[in-house]
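Q: My questions will all concern the structure given below.
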Amino acid sequence: MPRFSVIVPAYKVQAYLHECLESVLSQSYPDVELIAVDDGSPDACGAIIDEFAARDPRVRPVHLPQNQGLGPARNAGMREASGDYLLFLDGDDTLTPHALRAIADRLLETGEPDVLVHDYARTYWSGRTVRNQAAVHLAERGPAPFRLEDRPGLLHQLMVAWNKAYRREFVERAGFTFPPGYYEDTPWTYPVLMTAESIATLDRVCVHYRQRRQGSILGTTSRRHFDVFEQYDRVFAYVEQHPELDRWRPVLFRRMVDHLATVFVRRDRLPREVRAEFLRTARAHCRRHRVPGVPLHTRLRHTLVHLGLHRTFRALQVASALRRRTVRLTAKLLRATRSAALRLHYRIQRRLPLRADRAVFSAYGGRGHGCNPGALEAAFRTHAPHIRTAWVAHPEHHHTVPAATRRLSPGTAAYWTALARSKYLIDNIDFDPGLVKRPGQILVQTRHGTPLKHMGLDLQEHPAAAADTDFAEQLRGVDQWDYVVSANRHSSLVWERVHPGGYTTLEYGQPRNDVFQKTTSTEVTRLRESLGIPEGTIAILYAPTYRDYRRTQRTTLDLQRVLDRLGPGFVILARAHHTCGGPLVTGSSRVIDVTDHRSVEQLCLASDALVTDYSSIMFDYANLDRPIVIHADDWEAYEAARGTYFDLRSCAPGAVARSEDELIDIFATGHWRGSRSAQLRSAFRARFCPYDDGRAAERVVRHVVLGETGRPPVVPLAERHPVPSAAEALASSPIAIVPHPAGPLTVTDRT
């Protein structure tokens with residue numbers, strides 16, 4: 001008997017069905033049967049299902065003689081199911097990687113509940129992915145399992161069947177089935193949630209809900225949308241048959257009215273000639289199922305549905321659309337007026353005297369104080385105290401700016417005044433495109449890491465990575481640079497080729513790495529405590545980079561599985577790339593999300609080892625002389641899409657893993673900090689870290705501000721003593737070498 005029965009009805013989804021079925025069969029949790037139901041589809045769905053069944057015995061094909069609709073097709077699949085839990089997946093949607101493993105783990109953790117509600121994300125044809133906005137109701141805090149009355153907020157989730165796992169015994173005992181017609185999920189989901197004795201949640205995206213440009217059922221204009229009335233009749237009939245559920249009537253009534261209003265206002269659902277009829281029918285339903293004592297006028301559109309005021313509803317829709325258009329036009333006019341006023345202001349300020357005692361800093365487009373400009377700003381205050389510094393950051397990042405530094409918000413009059421009249425301008429990405437460099441101004445470009453992937457003009461050969469880059473505009477900005485800060489010879493050669501200009505290269509080291517030579521063990525301990533790293537554990541910093549060739553940026557590593565295989569002596573600090581827009585893992589106590597932590601340098605100091613793929617963080621981390629492991633499972637694809645300046649696998653800073661299992665093995669055997677890894681790291685440091693001795697920022701300030709052209713002496717690598725990691729004290733501890741994982745069993749395999 002399999003753990004899961006995944007039921008996939010298929011009708012006119014031949015273009016998406018292969019991806020859907022593959023997403024189930026490729027799960028890292030293999031204890032699953034896939035019941036694929038060909039709902040009399042006139043296209044190739046049936047043939048695709050048979051092809052999958054021929055190659056994988058876990059696939060059970062079901063062919064219906066004629067199209068019966070989504071509900072009956074799911075029922076046909078349920079009749080064939082033998083798994084402990086039922087999951088439903090539409091033929092154009094997909095399971096996310098490792099979703100079944102996460103569901104299995106949560107089911108065991110919460111004592112085999114009747115229903116487990118998990119999260120989903122909408123995926124658009126453009127590649128955009130948006131997580132469910134009601135995910136807050138899936139928080140795993142508090143008692144679990146529970147009943148619906150303990151967490152009624154679950155009714156704010158999308159009422160669909162495919163964002164839940166159902167205990168088959170519970171479904172069969174209660175006799176739940178899907179009705180025919182549109183909106184078949186409604187009379188299934190409400191009764192299931194109200195009846196379940198035990199419910200649990202999983203705060204993890206397990207399904208990608210495809211938003212098709214055309215062809216979705218609910219996006220089809222027809223009278224079939226009148227089916228919604230019959231579906232709610234079924235819901236209320238179920239409540240009448242089970243008097244103990246009567247307390248849910250007010251909630252169900254409000255949800256029904258809101259649903260009916262939604263169907264009515266969606267312009268792509270109801271034919272124009274039946275819209276008035278729909279509203280009259282909605283009025284009758286509201287009167288039929290109205291609960292005495294429940295307020296009707298919770299929202300204006302609810303009132304209009306209840307009263308059946310079709311013309312009034314339409315008039316208010318038109319008025320609302322006109323109001324929105326007026327607001328947009330007004331806002332556009334105000335923005336244009338403000339922009340013109342700021343341009344005039346900037347012109348005037350450029351004609352006023354330059355202030356030789358002012359410096360303006362920014363990093364990553366206003367994301368806060370940090371990186372190389374942050375280290376230089378601190379060095380300005382230390383070694384050139386006569387220079388008054390200002391930092392450009394969006395208001396939500398102002399708290400990161402030191403108290404002694406003036407805060408500026410991008411696009412304000414104060415911002416343009418500072419750009420116009422400050423002598424020194426320092427940034428780690430391109431300067432504001434509206435900047436006009438004045439005679440006497442000095443622009444310092446620090447960049448933000450040693451380049452492994454192609455940059456600048458080299459991206460002309462990689463259109464996927466270049467995207468909409470305007471190379472002529474980029475070179476116009478380069479022509480304004482006076483200095484470029486470089487960490488090593490490799491960086492200098494690359495920057496001068498891909499950003500050709502008349503600037504001076506300051507090969508002085510990476511200022512942001514100065515902190516590695518100055519931090520004490522006490523400060524490291526304090527950092528670990530603030531991050532919640534348990535004492536006596538090995539903290540692995542996992543920091544993957546962005547991939548241009550991928551539509552989505554999900555990690556290929558199952559971090560929870562890695563930790564489960566390594567044991568309790570390890571934790572992971574997971575930092576997603578800033579363009580990914582979310583944590584790498586949720587709902588794990590041993591995976592600490594540090595994506596929003598303001599200082600990556602502090603994360604490096606707090607960790608004991610680094611796992612990355614092709615991120616430039618490896619060049620910085622090498623200065624700590626701590627173990628680095630490269631996870632290069634897609635090197636060929638990455639190199640083809642982005643281009644690299646050398647083959648990282650041949651001169652890596654430590655062990656190289658080409659798969660998740662290899663990565664686990666490297667840590668399980670202790671190879672991650674063995675003698676060979678130390679040798680590789682030593683050679684890597686010699687090549688890429690020659691000047692990072694803790695004085696890089698000082699050297700830049702002395703050259704740019706104080707005019708000292710002679711480079712201060714550099715401390716040799718052998719004489720540098722970066723702060724040791726907390727794991728060095730555990731070198732002889734039993735957890736330093738954990739038992740090698742035996743066999744292919746997953747952590748959720750049952751005995």
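By order of appearance in the structure tokens: chains A, B, ..., then residues from 1 within every chain, and ligands from 1 in the order shown.
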Residues within 12 Å of segment 711-717 of chain A, please, as a ChimeraX atom specification. Count only C-alpha atoms; anything in the same chain fewer than 3 positions from it doesn't count.

A: /A:506-509,517,622-625,682-704,707-708,720-722

Q: Can you tell me, as a PyMOL selection string, which residues in segment 348-588 of chain A count as alpha helix (DSSP H) by DSSP?

A: chain A and resi 348-350+371-383+413-421+463-466+471-478+489-498+521-531+559-566

Q: Looking only at the backbone, which of the residues in segment 600-723 of chain A does DSSP tag as strand (DSSP E or B), as an NGL selection string?

A: :A and (609-612 or 628-631 or 644 or 656-657)

Q: Please produce a file of those selected residues containing all heavy atoms, as a CSV table (one decimal), in the first residue's frame.

A:
```csv
chain,number,residue,atom,x,y,z
A,609,ALA,N,31.2,26.9,8.0
A,609,ALA,CA,31.5,26.4,6.6
A,609,ALA,C,30.6,27.1,5.6
A,609,ALA,O,29.4,27.5,6.0
A,609,ALA,CB,31.4,24.9,6.5
A,610,LEU,N,31.0,27.2,4.4
A,610,LEU,CA,30.2,27.8,3.3
A,610,LEU,C,29.8,26.7,2.3
A,610,LEU,O,30.7,26.0,1.8
A,610,LEU,CB,30.9,28.9,2.7
A,610,LEU,CG,30.2,29.5,1.4
A,610,LEU,CD1,28.9,30.3,1.8
A,610,LEU,CD2,31.2,30.4,0.7
A,611,VAL,N,28.6,26.7,1.9
A,611,VAL,CA,28.1,25.9,0.8
A,611,VAL,C,27.5,26.9,-0.2
A,611,VAL,O,26.6,27.6,0.1
A,611,VAL,CB,27.1,24.8,1.1
A,611,VAL,CG1,26.6,24.1,-0.1
A,611,VAL,CG2,27.7,23.8,2.0
A,612,THR,N,28.1,26.9,-1.4
A,612,THR,CA,27.6,27.8,-2.5
A,612,THR,C,27.7,27.1,-3.8
A,612,THR,O,28.3,26.0,-3.9
A,612,THR,CB,28.3,29.2,-2.4
A,612,THR,OG1,27.6,30.1,-3.3
A,612,THR,CG2,29.7,29.1,-2.8
A,628,ILE,N,35.0,25.5,2.5
A,628,ILE,CA,34.1,25.9,1.5
A,628,ILE,C,33.8,24.7,0.7
A,628,ILE,O,34.7,24.0,0.3
A,628,ILE,CB,34.7,27.0,0.6
A,628,ILE,CG1,35.0,28.3,1.4
A,628,ILE,CG2,33.7,27.4,-0.5
A,628,ILE,CD1,35.7,29.4,0.6
A,629,VAL,N,32.5,24.4,0.4
A,629,VAL,CA,32.1,23.3,-0.5
A,629,VAL,C,31.3,23.9,-1.6
A,629,VAL,O,30.4,24.7,-1.4
A,629,VAL,CB,31.3,22.3,0.3
A,629,VAL,CG1,30.8,21.1,-0.6
A,629,VAL,CG2,32.1,21.7,1.5
A,630,ILE,N,31.6,23.5,-2.8
A,630,ILE,CA,30.9,24.0,-4.0
A,630,ILE,C,29.9,22.9,-4.4
A,630,ILE,O,30.2,21.8,-4.6
A,630,ILE,CB,31.9,24.2,-5.2
A,630,ILE,CG1,33.0,25.3,-4.7
A,630,ILE,CG2,31.2,24.7,-6.4
A,630,ILE,CD1,32.4,26.6,-4.4
A,631,HIS,N,28.7,23.4,-4.6
A,631,HIS,CA,27.6,22.5,-5.1
A,631,HIS,C,27.4,22.9,-6.6
A,631,HIS,O,26.7,23.8,-6.9
A,631,HIS,CB,26.3,22.7,-4.3
A,631,HIS,CG,25.2,21.8,-4.8
A,631,HIS,ND1,24.0,22.3,-5.1
A,631,HIS,CD2,25.1,20.5,-4.9
A,631,HIS,CE1,23.2,21.3,-5.5
A,631,HIS,NE2,23.8,20.2,-5.4
A,644,THR,N,31.5,32.0,-17.8
A,644,THR,CA,32.4,32.2,-16.7
A,644,THR,C,33.8,32.4,-17.1
A,644,THR,O,34.2,32.1,-18.3
A,644,THR,CB,32.4,30.9,-15.8
A,644,THR,OG1,32.8,29.8,-16.6
A,644,THR,CG2,31.0,30.7,-15.2
A,656,VAL,N,34.1,19.7,-4.2
A,656,VAL,CA,33.1,20.0,-5.2
A,656,VAL,C,32.1,18.8,-5.2
A,656,VAL,O,32.5,17.7,-5.3
A,656,VAL,CB,33.7,20.2,-6.6
A,656,VAL,CG1,32.5,20.4,-7.6
A,656,VAL,CG2,34.7,21.3,-6.6
A,657,ALA,N,30.8,19.1,-5.0
A,657,ALA,CA,29.7,18.2,-5.0
A,657,ALA,C,28.9,18.4,-6.3
A,657,ALA,O,28.5,19.5,-6.6
A,657,ALA,CB,28.8,18.3,-3.8
```

Q: Residues within 9 Å of Asp203 of chain A, please, as a PDB file with N, CA and C atoms, in the first residue's frame. Count only C-alpha atoms; anything in the same chain fewer than 5 positions from it doesn't count.

A:
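Saved to part27.pdb:
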```
ATOM      1  N   VAL A 117      -3.391  20.835   5.141  1.00  0.00           N
ATOM      2  CA  VAL A 117      -3.506  21.948   4.196  1.00  0.00           C
ATOM      3  C   VAL A 117      -2.118  22.515   3.942  1.00  0.00           C
ATOM      4  N   HIS A 118      -1.710  22.540   2.705  1.00  0.00           N
ATOM      5  CA  HIS A 118      -0.397  23.080   2.349  1.00  0.00           C
ATOM      6  C   HIS A 118      -0.569  24.287   1.439  1.00  0.00           C
ATOM      7  N   ASP A 119       0.527  24.907   1.086  1.00  0.00           N
ATOM      8  CA  ASP A 119       0.449  26.166   0.342  1.00  0.00           C
ATOM      9  C   ASP A 119       0.678  25.941  -1.145  1.00  0.00           C
ATOM     10  N   ALA A 135      -1.272  32.886   2.912  1.00  0.00           N
ATOM     11  CA  ALA A 135      -0.369  31.896   3.516  1.00  0.00           C
ATOM     12  C   ALA A 135      -0.223  32.075   5.019  1.00  0.00           C
ATOM     13  N   VAL A 136      -0.568  33.250   5.537  1.00  0.00           N
ATOM     14  CA  VAL A 136      -0.446  33.499   6.972  1.00  0.00           C
ATOM     15  C   VAL A 136      -1.284  32.509   7.775  1.00  0.00           C
ATOM     16  N   HIS A 137      -2.346  31.992   7.190  1.00  0.00           N
ATOM     17  CA  HIS A 137      -3.208  31.052   7.909  1.00  0.00           C
ATOM     18  C   HIS A 137      -2.617  29.646   7.951  1.00  0.00           C
ATOM     19  N   LEU A 138      -1.486  29.440   7.297  1.00  0.00           N
ATOM     20  CA  LEU A 138      -0.856  28.119   7.290  1.00  0.00           C
ATOM     21  C   LEU A 138       0.308  28.032   8.270  1.00  0.00           C
ATOM     22  N   ALA A 139       0.454  29.025   9.119  1.00  0.00           N
ATOM     23  CA  ALA A 139       1.545  29.006  10.092  1.00  0.00           C
ATOM     24  C   ALA A 139       1.484  27.730  10.920  1.00  0.00           C
ATOM     25  N   GLU A 140       2.655  27.157  11.193  1.00  0.00           N
ATOM     26  CA  GLU A 140       2.728  25.889  11.918  1.00  0.00           C
ATOM     27  C   GLU A 140       2.891  26.086  13.416  1.00  0.00           C
ATOM     28  N   THR A 586      10.864  26.950   4.463  1.00  0.00           N
ATOM     29  CA  THR A 586      10.037  27.417   5.567  1.00  0.00           C
ATOM     30  C   THR A 586       9.622  26.221   6.408  1.00  0.00           C
ATOM     31  N   GLY A 587       9.345  26.480   7.665  1.00  0.00           N
ATOM     32  CA  GLY A 587       8.820  25.444   8.537  1.00  0.00           C
ATOM     33  C   GLY A 587       9.839  24.475   9.078  1.00  0.00           C
TER      34      GLY A 587
END
```

Q: Kindly assemble as CSV a list of the segment 4-100 of chain A residues that lie within 7 Å of segment 164-173 of chain A, each paired with its nearest atom pair and their distance in Å to one decimal, using only C-alpha atoms, sorted first by chain and then by ascending residue number.

A:
```
residue,atom,partner,partner_atom,distance
A:Asp84,CA,A:Arg168,CA,5.7
A:Tyr85,CA,A:Arg167,CA,4.4
A:Leu86,CA,A:Tyr166,CA,5.0
A:Leu87,CA,A:Ala165,CA,5.0
```

Q: Would you mind exporting N, CA, C and O atoms of the selected residues as a compact mmCIF listing (two decimals), in the first residue's frame?

A:
```
# COMPACT_ATOMS: atom_id res chain seq x y z
N ASP A 84 -2.44 5.67 1.58
CA ASP A 84 -2.90 6.16 2.88
C ASP A 84 -3.55 7.53 2.75
O ASP A 84 -4.53 7.83 3.44
N TYR A 85 -2.98 8.36 1.89
CA TYR A 85 -3.49 9.73 1.73
C TYR A 85 -3.76 10.00 0.25
O TYR A 85 -3.04 9.51 -0.64
N LEU A 86 -4.80 10.79 0.01
CA LEU A 86 -5.18 11.21 -1.34
C LEU A 86 -4.71 12.63 -1.58
O LEU A 86 -4.87 13.50 -0.72
N LEU A 87 -4.14 12.87 -2.75
CA LEU A 87 -3.83 14.22 -3.20
C LEU A 87 -4.39 14.38 -4.60
O LEU A 87 -4.37 13.43 -5.41
```

Q: Give me, as a list of chain:residue names, all polymer residues having an atom no more than 10 Å from His208 of chain A, counting only C-alpha atoms and skipping those fewer than 3 positions away in the same chain.

A: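 Non-adjacent residues within range: A:Cys20, A:Leu89, A:Asp92, A:Asp93, A:Thr94, A:Leu95, A:Thr96, A:Asp119, A:Tyr120, A:Ala121, A:Arg122, A:Thr123, A:Tyr124, A:Thr129, A:Val130, A:Arg131, A:Asn163, A:Val205, A:Gln211.
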
Q: Which distance in Å separates atom CA of Thr110 of chain A and atom CA of Ile664 of chain A, to one decimal?

A: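 It comes out at 27.1 Å.
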
Q: Give the answer as one residue: which of A:Val207, A:Leu663, A:Met78, A:Ala44 has the shortest atom-to-atom distance to Ala99 of chain A, using only C-alpha atoms?

A: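 So, comparing all the options, the nearest one is A:Val207.
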
Q: Could you give me, as a PyMOL selection string, the residues within 12 Å of segment 231-242 of chain A, counting only C-alpha atoms and dropping anything in the same chain fewer than 5 positions from it?

A: chain A and resi 71+174-195+224-226+247-257+259-260+282+284-286+288-291

Q: Have a look at atom CA of Met1 of chain A and atom CA of Arg58 of chain A and let me know their distance in Å, one decimal.

A: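 For atom CA of Met1 of chain A relative to atom CA of Arg58 of chain A, the distance reads 11.4 Å.
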
Q: Extract, using only C-alpha atoms, all DNA, RNA and protein residues at most 10 Å from Asp613 of chain A, discarding same-chain residues fewer than 4 positions from it, and format them as a VMD selection string.

A: chain A and resid 542 to 546 617 to 618 629 to 635 648 656 to 657

Q: Figure out the distance between atom CA of Lys453 of chain A and atom CA of Val392 of chain A, please, to one decimal in Å.

A: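 One can read the atom CA of Val392 of chain A to atom CA of Lys453 of chain A distance as 27.7 Å.
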
Q: Env of Ala390 of chain A: 7 Å cut, atoms = only C-alpha atoms, seq-sep filter 5 positions within chain, self excluded. Answer as a list in words.

A: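 The contact residues come out as Ala359, Val360, Phe361, Thr405, Arg406, Arg407 and Leu408 of chain A.
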
Q: From the set A:His398, A:Arg283, A:Arg528, A:His597, which residue has the shortest atom-to-atom contact distance to Ser725 of chain A, counting only C-alpha atoms?

A: A:Arg528
